[in-house]
>>> print(open('final-v4.txt').read())   # compact mmCIF, C-alpha atoms
# COMPACT_ATOMS: atom_id res chain seq x y z
CA MET A 1 -4.07 -10.56 17.58
CA ASN A 2 -7.68 -11.42 16.83
CA THR A 3 -8.53 -14.91 15.61
CA TYR A 4 -12.00 -14.50 14.17
CA HIS A 5 -13.53 -17.21 12.03
CA TYR A 6 -15.59 -16.11 9.03
CA ASP A 7 -18.87 -17.00 10.74
CA GLU A 8 -18.00 -14.88 13.77
CA ILE A 9 -17.94 -11.65 11.78
CA ALA A 10 -21.21 -9.91 10.92
CA ILE A 11 -21.84 -7.06 8.52
CA GLY A 12 -21.24 -3.88 10.52
CA HIS A 13 -18.42 -5.38 12.59
CA THR A 14 -15.86 -2.62 13.22
CA GLU A 15 -12.26 -2.72 14.39
CA SER A 16 -9.80 0.13 14.87
CA PHE A 17 -6.36 0.89 16.22
CA GLU A 18 -3.96 3.82 16.48
CA ALA A 19 -0.52 4.28 14.94
CA LEU A 20 2.05 7.02 15.51
CA VAL A 21 4.08 7.92 12.40
CA LYS A 22 7.76 8.17 13.39
CA ALA A 23 10.71 9.65 11.48
CA GLU A 24 12.40 6.24 11.58
CA ASP A 25 9.38 4.72 9.81
CA MET A 26 10.04 7.11 6.92
CA GLU A 27 13.68 5.94 6.78
CA SER A 28 12.63 2.29 6.88
CA PHE A 29 10.05 2.79 4.15
CA LYS A 30 12.65 4.50 1.96
CA ALA A 31 15.06 1.61 2.56
CA ILE A 32 12.40 -0.96 1.58
CA THR A 33 11.12 0.81 -1.51
CA GLY A 34 13.98 2.98 -2.76
CA ASP A 35 11.55 5.90 -3.04
CA ILE A 36 13.89 8.89 -2.71
CA ASN A 37 11.31 11.47 -3.80
CA PRO A 38 12.10 14.85 -2.19
CA LEU A 39 8.49 15.53 -1.13
CA HIS A 40 9.09 12.85 1.53
CA ASN A 41 12.78 13.56 2.20
CA ASP A 42 13.49 17.28 1.83
CA GLU A 43 11.85 19.82 4.18
CA THR A 44 12.59 22.72 1.85
CA PHE A 45 11.18 21.01 -1.24
CA ALA A 46 7.99 20.14 0.68
CA GLY A 47 7.79 23.63 2.15
CA ASP A 48 8.08 25.21 -1.30
CA ARG A 49 4.96 23.25 -2.24
CA GLY A 50 2.96 24.52 0.71
CA TYR A 51 3.44 21.64 3.15
CA GLU A 52 4.35 22.18 6.80
CA GLY A 53 7.01 19.46 6.63
CA ARG A 54 8.06 16.33 4.80
CA VAL A 55 4.95 14.53 3.57
CA VAL A 56 4.59 10.96 4.79
CA TYR A 57 4.58 8.44 1.93
CA GLY A 58 0.96 7.74 1.03
CA MET A 59 1.79 4.08 0.66
CA LEU A 60 3.25 4.08 4.18
CA THR A 61 -0.12 5.26 5.48
CA ALA A 62 -1.75 2.57 3.34
CA SER A 63 0.60 -0.01 4.90
CA TYR A 64 -1.42 0.14 8.10
CA LEU A 65 -4.18 -1.67 6.21
CA SER A 66 -1.92 -4.72 6.42
CA THR A 67 -2.19 -4.51 10.21
CA LEU A 68 -5.91 -3.81 10.16
CA ALA A 69 -6.51 -7.06 8.26
CA GLY A 70 -3.70 -9.22 9.66
CA VAL A 71 -4.05 -8.34 13.34
CA TYR A 72 -7.62 -7.04 13.80
CA LEU A 73 -10.13 -7.88 11.09
CA PRO A 74 -10.14 -10.87 10.96
CA GLY A 75 -6.62 -11.18 12.42
CA GLU A 76 -4.74 -14.46 12.18
CA ARG A 77 -6.78 -15.97 9.31
CA SER A 78 -6.44 -12.90 7.05
CA LEU A 79 -5.58 -13.04 3.37
CA ILE A 80 -5.91 -9.71 1.54
CA ARG A 81 -7.35 -10.06 -1.95
CA SER A 82 -7.61 -6.43 -3.03
CA VAL A 83 -7.13 -2.90 -1.71
CA SER A 84 -8.27 0.46 -3.00
CA THR A 85 -7.37 3.75 -1.37
CA LYS A 86 -7.87 7.44 -1.98
CA PHE A 87 -5.65 10.01 -0.30
CA TYR A 88 -7.43 13.08 1.11
CA LYS A 89 -4.92 14.98 3.20
CA ALA A 90 -1.17 14.95 3.75
CA VAL A 91 0.16 13.06 6.78
CA PHE A 92 3.19 14.35 8.68
CA ILE A 93 5.77 12.81 11.00
CA GLY A 94 4.37 12.82 14.54
CA ASP A 95 0.78 12.41 13.41
CA ARG A 96 -1.24 9.88 15.38
CA LEU A 97 -3.56 8.05 13.01
CA THR A 98 -6.69 6.08 13.77
CA ILE A 99 -7.20 3.24 11.30
CA GLU A 100 -10.75 1.90 11.21
CA GLY A 101 -12.35 -0.89 9.19
CA LYS A 102 -16.05 -1.73 9.03
CA VAL A 103 -17.44 -4.83 7.33
CA SER A 104 -19.87 -3.69 4.62
CA ASP A 105 -20.50 -7.00 2.84
CA LYS A 106 -19.77 -10.73 3.05
CA ASN A 107 -19.45 -13.38 0.35
CA ASP A 108 -20.11 -16.78 1.93
CA THR A 109 -18.95 -18.79 -1.10
CA PHE A 110 -15.46 -17.31 -1.02
CA LYS A 111 -15.43 -16.44 2.71
CA LEU A 112 -14.64 -12.92 1.64
CA LEU A 113 -15.21 -9.77 3.69
CA THR A 114 -15.62 -6.35 2.11
CA VAL A 115 -14.25 -3.79 4.56
CA LYS A 116 -14.67 -0.03 4.30
CA ILE A 117 -11.57 1.81 5.50
CA ASN A 118 -11.23 5.20 7.16
CA ILE A 119 -7.97 6.68 8.41
CA LYS A 120 -8.10 9.94 10.37
CA ASN A 121 -5.38 12.03 12.00
CA GLN A 122 -5.29 13.29 15.61
CA LYS A 123 -7.43 16.30 14.61
CA GLY A 124 -10.16 13.98 13.30
CA GLU A 125 -9.37 14.93 9.71
CA LYS A 126 -9.90 12.27 7.04
CA VAL A 127 -6.56 11.36 5.44
CA LEU A 128 -7.39 8.11 3.62
CA LYS A 129 -10.55 6.31 2.60
CA GLY A 130 -10.65 2.93 0.97
CA GLU A 131 -11.97 -0.56 0.70
CA MET A 132 -10.42 -3.99 1.10
CA GLU A 133 -11.51 -7.49 0.19
CA ILE A 134 -10.17 -9.90 2.77
CA GLN A 135 -10.52 -13.66 2.61
CA VAL A 136 -10.83 -15.55 5.88
CA LEU A 137 -8.60 -18.62 5.57
CA GLU A 138 -10.44 -21.52 7.14
CA VAL A 139 -8.07 -24.47 7.26
CA GLU A 140 -8.12 -27.52 9.49
CA GLU A 141 -5.81 -26.55 12.31
CA ASN A 142 -4.00 -28.51 15.03
CA GLU A 143 -4.71 -31.93 13.63
CA MET B 1 15.05 10.10 -10.49
CA ASN B 2 12.93 11.19 -13.43
CA THR B 3 11.69 14.78 -13.55
CA TYR B 4 8.94 14.63 -16.17
CA HIS B 5 6.54 17.51 -16.58
CA TYR B 6 2.90 16.66 -17.27
CA ASP B 7 3.17 17.65 -20.92
CA GLU B 8 6.17 15.38 -21.46
CA ILE B 9 4.19 12.23 -20.71
CA ALA B 10 1.97 10.73 -23.42
CA ILE B 11 -0.64 8.02 -23.14
CA GLY B 12 1.23 4.73 -23.54
CA HIS B 13 4.36 5.98 -21.73
CA THR B 14 5.80 3.05 -19.77
CA GLU B 15 8.35 2.88 -16.96
CA SER B 16 9.61 -0.12 -15.01
CA PHE B 17 12.19 -1.13 -12.45
CA GLU B 18 13.21 -4.20 -10.48
CA ALA B 19 13.18 -4.82 -6.73
CA LEU B 20 14.58 -7.73 -4.71
CA VAL B 21 12.51 -8.62 -1.64
CA LYS B 22 14.86 -9.12 1.30
CA ALA B 23 14.24 -10.70 4.72
CA GLU B 24 15.22 -7.41 6.36
CA ASP B 25 12.48 -5.65 4.37
CA MET B 26 9.96 -7.95 6.07
CA GLU B 27 11.38 -7.01 9.49
CA SER B 28 11.26 -3.29 8.62
CA PHE B 29 7.69 -3.54 7.36
CA LYS B 30 6.64 -5.33 10.56
CA ALA B 31 8.34 -2.60 12.63
CA ILE B 32 6.52 0.15 10.70
CA THR B 33 3.07 -1.42 10.72
CA GLY B 34 2.96 -3.70 13.75
CA ASP B 35 1.55 -6.46 11.54
CA ILE B 36 2.62 -9.60 13.43
CA ASN B 37 0.41 -11.96 11.41
CA PRO B 38 2.02 -15.45 11.35
CA LEU B 39 1.49 -15.95 7.61
CA HIS B 40 4.32 -13.43 7.18
CA ASN B 41 6.38 -14.36 10.23
CA ASP B 42 6.11 -18.11 10.90
CA GLU B 43 7.45 -20.63 8.35
CA THR B 44 5.44 -23.48 9.87
CA PHE B 45 2.16 -21.55 9.90
CA ALA B 46 2.66 -20.58 6.24
CA GLY B 47 3.72 -24.14 5.32
CA ASP B 48 0.59 -25.59 6.93
CA ARG B 49 -1.42 -23.39 4.55
CA GLY B 50 0.39 -24.65 1.46
CA TYR B 51 2.98 -21.92 1.02
CA GLU B 52 6.65 -22.64 0.36
CA GLY B 53 7.74 -20.08 2.94
CA ARG B 54 6.69 -16.96 4.77
CA VAL B 55 4.41 -14.93 2.50
CA VAL B 56 5.59 -11.39 1.81
CA TYR B 57 3.12 -8.76 3.06
CA GLY B 58 0.89 -7.82 0.14
CA MET B 59 1.10 -4.20 1.20
CA LEU B 60 4.90 -4.43 1.09
CA THR B 61 4.66 -5.45 -2.55
CA ALA B 62 2.19 -2.59 -3.06
CA SER B 63 4.73 -0.21 -1.46
CA TYR B 64 6.83 -0.36 -4.63
CA LEU B 65 4.07 1.67 -6.29
CA SER B 66 5.36 4.58 -4.20
CA THR B 67 8.70 4.23 -6.00
CA LEU B 68 7.12 3.76 -9.40
CA ALA B 69 5.33 7.10 -9.05
CA GLY B 70 7.87 9.03 -6.97
CA VAL B 71 11.03 8.04 -8.83
CA TYR B 72 9.94 6.93 -12.31
CA LEU B 73 6.49 8.02 -13.46
CA PRO B 74 6.56 11.02 -13.30
CA GLY B 75 9.34 11.05 -10.69
CA GLU B 76 10.05 14.23 -8.73
CA ARG B 77 6.70 15.98 -9.37
CA SER B 78 4.61 12.97 -8.27
CA LEU B 79 1.60 13.20 -5.97
CA ILE B 80 -0.40 9.97 -5.65
CA ARG B 81 -4.15 10.54 -5.54
CA SER B 82 -5.46 6.98 -5.48
CA VAL B 83 -4.27 3.39 -5.70
CA SER B 84 -6.11 0.16 -6.35
CA THR B 85 -4.45 -3.25 -6.31
CA LYS B 86 -5.42 -6.88 -6.67
CA PHE B 87 -3.15 -9.64 -5.42
CA TYR B 88 -2.78 -12.65 -7.74
CA LYS B 89 0.04 -14.77 -6.38
CA ALA B 90 2.06 -14.99 -3.18
CA VAL B 91 5.49 -13.30 -3.14
CA PHE B 92 8.37 -14.85 -1.19
CA ILE B 93 11.62 -13.55 0.29
CA GLY B 94 14.28 -13.61 -2.43
CA ASP B 95 11.82 -12.94 -5.24
CA ARG B 96 12.96 -10.37 -7.77
CA LEU B 97 9.96 -8.33 -8.87
CA THR B 98 9.49 -6.20 -11.95
CA ILE B 99 7.20 -3.24 -11.31
CA GLU B 100 5.76 -1.69 -14.46
CA GLY B 101 3.45 1.27 -15.00
CA LYS B 102 1.85 2.33 -18.27
CA VAL B 103 -0.09 5.58 -18.70
CA SER B 104 -3.60 4.69 -19.87
CA ASP B 105 -5.28 8.10 -19.59
CA LYS B 106 -4.58 11.76 -18.88
CA ASN B 107 -6.75 14.50 -17.38
CA ASP B 108 -5.40 17.87 -18.48
CA THR B 109 -7.57 19.92 -16.11
CA PHE B 110 -6.16 18.23 -13.02
CA LYS B 111 -2.79 17.22 -14.56
CA LEU B 112 -3.66 13.70 -13.53
CA LEU B 113 -2.21 10.51 -15.01
CA THR B 114 -4.02 7.20 -14.87
CA VAL B 115 -1.39 4.46 -14.72
CA LYS B 116 -2.01 0.73 -15.15
CA ILE B 117 0.23 -1.34 -12.88
CA ASN B 118 1.69 -4.80 -13.37
CA ILE B 119 4.05 -6.52 -10.97
CA LYS B 120 5.60 -9.84 -12.01
CA ASN B 121 8.05 -12.16 -10.26
CA GLN B 122 11.32 -13.55 -11.70
CA LYS B 123 9.34 -16.39 -13.35
CA GLY B 124 7.21 -13.87 -15.22
CA GLU B 125 4.18 -14.71 -13.09
CA LYS B 126 1.70 -11.93 -12.37
CA VAL B 127 1.63 -11.16 -8.65
CA LEU B 128 -0.17 -7.80 -8.53
CA LYS B 129 -2.26 -5.76 -10.92
CA GLY B 130 -3.58 -2.33 -10.23
CA GLU B 131 -4.17 1.23 -11.19
CA MET B 132 -2.98 4.55 -9.82
CA GLU B 133 -4.04 8.14 -10.30
CA ILE B 134 -0.99 10.38 -10.04
CA GLN B 135 -1.06 14.14 -10.14
CA VAL B 136 1.93 15.92 -11.68
CA LEU B 137 2.72 18.86 -9.39
CA GLU B 138 3.58 21.81 -11.60
CA VAL B 139 4.81 24.61 -9.37
CA GLU B 140 7.01 27.59 -10.10
CA GLU B 141 10.43 26.34 -9.11
CA ASN B 142 13.73 28.10 -8.34
CA GLU B 143 12.31 31.59 -8.19
>>> encode(input="final-v4.txt", output="structure tokens")
Amino acid sequence: MNTYHYDEIAIGHTESFEALVKAEDMESFKAITGDINPLHNDETFAGDRGYEGRVVYGMLTASYLSTLAGVYLPGERSLIRSVSTKFYKAVFIGDRLTIEGKVSDKNDTFKLLTVKINIKNQKGEKVLKGEMEIQVLEVEENE
Amino acid sequence: MNTYHYDEIAIGHTESFEALVKAEDMESFKAITGDINPLHNDETFAGDRGYEGRVVYGMLTASYLSTLAGVYLPGERSLIRSVSTKFYKAVFIGDRLTIEGKVSDKNDTFKLLTVKINIKNQKGEKVLKGEMEIQVLEVEENE
């Protein structure tokens, strides 16, 4: 886990990681949310709508933004203030996603980073674009 | 699960449901995302930052928007196009949240609903506000 302080992050700073979407993640997400929608749970229903398999919950893909902020950018001192996402392409079980964040702006008064988000699949196709505002919590530690 | 068609939903249409945030949901969300940030996993770390307990992942709270769209508004024919959220107050394990969506606009060409989101805790305090664009998938079914 990264432990960046606000002053250690410059505009342009980029972090990324990979995540494999597993069938069990779909089950866990359904258990958390109660979202029983058949597009995500019924192969035939999804197939009838032109998809090659059950479509991964968009908000499951968006969940990786939690990790991007909380583990990578800035890591430990992360506090997410806002998130906006647009979904571009369906994600399927077995897809390996690359989640990337790039700092596009900083607000020194509020120690707030604006981070542009790109998530691509293993074919390099854009599946999600977005933006987050992430505060860097600067507290007196280990006193 | 609701099965609204696009034409059955008017501007002003509102749907809501409740969700209890459980400790096991935090474990599941960590397993899905790999977000090991201590604010969500370490009572002492969270307490040192002024929180009464481990803070629920903001993106876990946002995950209920999947259910709002996929089960309630419009339910079965849901396809989320975009989501934007702002976080107003920390959520804790044991909180009972009310997730509400209200249709604020419709785009007939794209069969797209704009839905204003409000999530409140059991004290009536606002914890998340946001907006979603949700397409209503109108396909020929059962042919």
>>> residues_around(input="final-v4.txt", residues="region 5-20 of chain B", least_positions_apart="6", cutoff="6 Å", atoms="all atoms listed in the file", output="CSV table (one decimal) with C-alpha atoms, in the coordinates of the input")
chain,number,residue,atom,x,y,z
B,95,ASP,CA,11.8,-12.9,-5.2
B,96,ARG,CA,13.0,-10.4,-7.8
B,97,LEU,CA,10.0,-8.3,-8.9
B,98,THR,CA,9.5,-6.2,-12.0
B,99,ILE,CA,7.2,-3.2,-11.3
B,100,GLU,CA,5.8,-1.7,-14.5
B,101,GLY,CA,3.4,1.3,-15.0
B,102,LYS,CA,1.8,2.3,-18.3
B,103,VAL,CA,-0.1,5.6,-18.7
B,104,SER,CA,-3.6,4.7,-19.9
B,105,ASP,CA,-5.3,8.1,-19.6
B,136,VAL,CA,1.9,15.9,-11.7
>>> closest_residue(input="final-v4.txt", among="A:Leu137, A:Met59, A:Val83, A:Ala46", to="Ile32 (chain A)", atoms="all atoms listed in the file")
A:Met59
>>> closest_residue(input="final-v4.txt", among="B:Leu112, B:Leu73, B:Leu128, B:Gly53", to="Phe87 (chain B)", atoms="all atoms listed in the file")
B:Leu128
>>> closest_residue(input="final-v4.txt", among="B:Lys86, B:Lys123, B:Arg77, B:His40", to="chain A", atoms="only C-alpha atoms")
B:Lys86
>>> residues_around(input="final-v4.txt", residues="Ile134 (chain B)", least_positions_apart="4", cutoff="8 Å", atoms="all atoms listed in the file", output="VMD selection string")
chain B and resid 69 78 to 82 112 to 115
>>> closest_residue(input="final-v4.txt", among="A:Val127, A:Val139, A:Val56, A:Val91", to="chain B", atoms="all atoms listed in the file")
A:Val139
>>> interface_residues(input="final-v4.txt", of="chain A", to="chain B", cutoff="9 Å", atoms="all atoms listed in the file", output="PyMOL selection string")
chain A and resi 1+19+21-22+24-26+28-39+48-49+57-60+62-71+75-88+137+139+141
>>> atom_distance(input="final-v4.txt", atom1="CA of Gly94 (chain B)", atom2="CA of Thr3 (chain A)")
29.1 Å
>>> atom_distance(input="final-v4.txt", atom1="CA of Ala90 (chain A)", atom2="CA of Val55 (chain A)")
6.1 Å
>>> atom_distance(input="final-v4.txt", atom1="CA of Ile119 (chain A)", atom2="CA of Phe110 (chain B)")
24.4 Å
>>> axis_aligned_box(input="final-v4.txt", around="region 129-135 of chain A", padding_each_side="3 Å", output="lines of an AutoDock Vina configuration file")
center_x = -11.1
center_y = -3.7
center_z = 1.5
size_x = 7.8
size_y = 26.0
size_z = 8.6
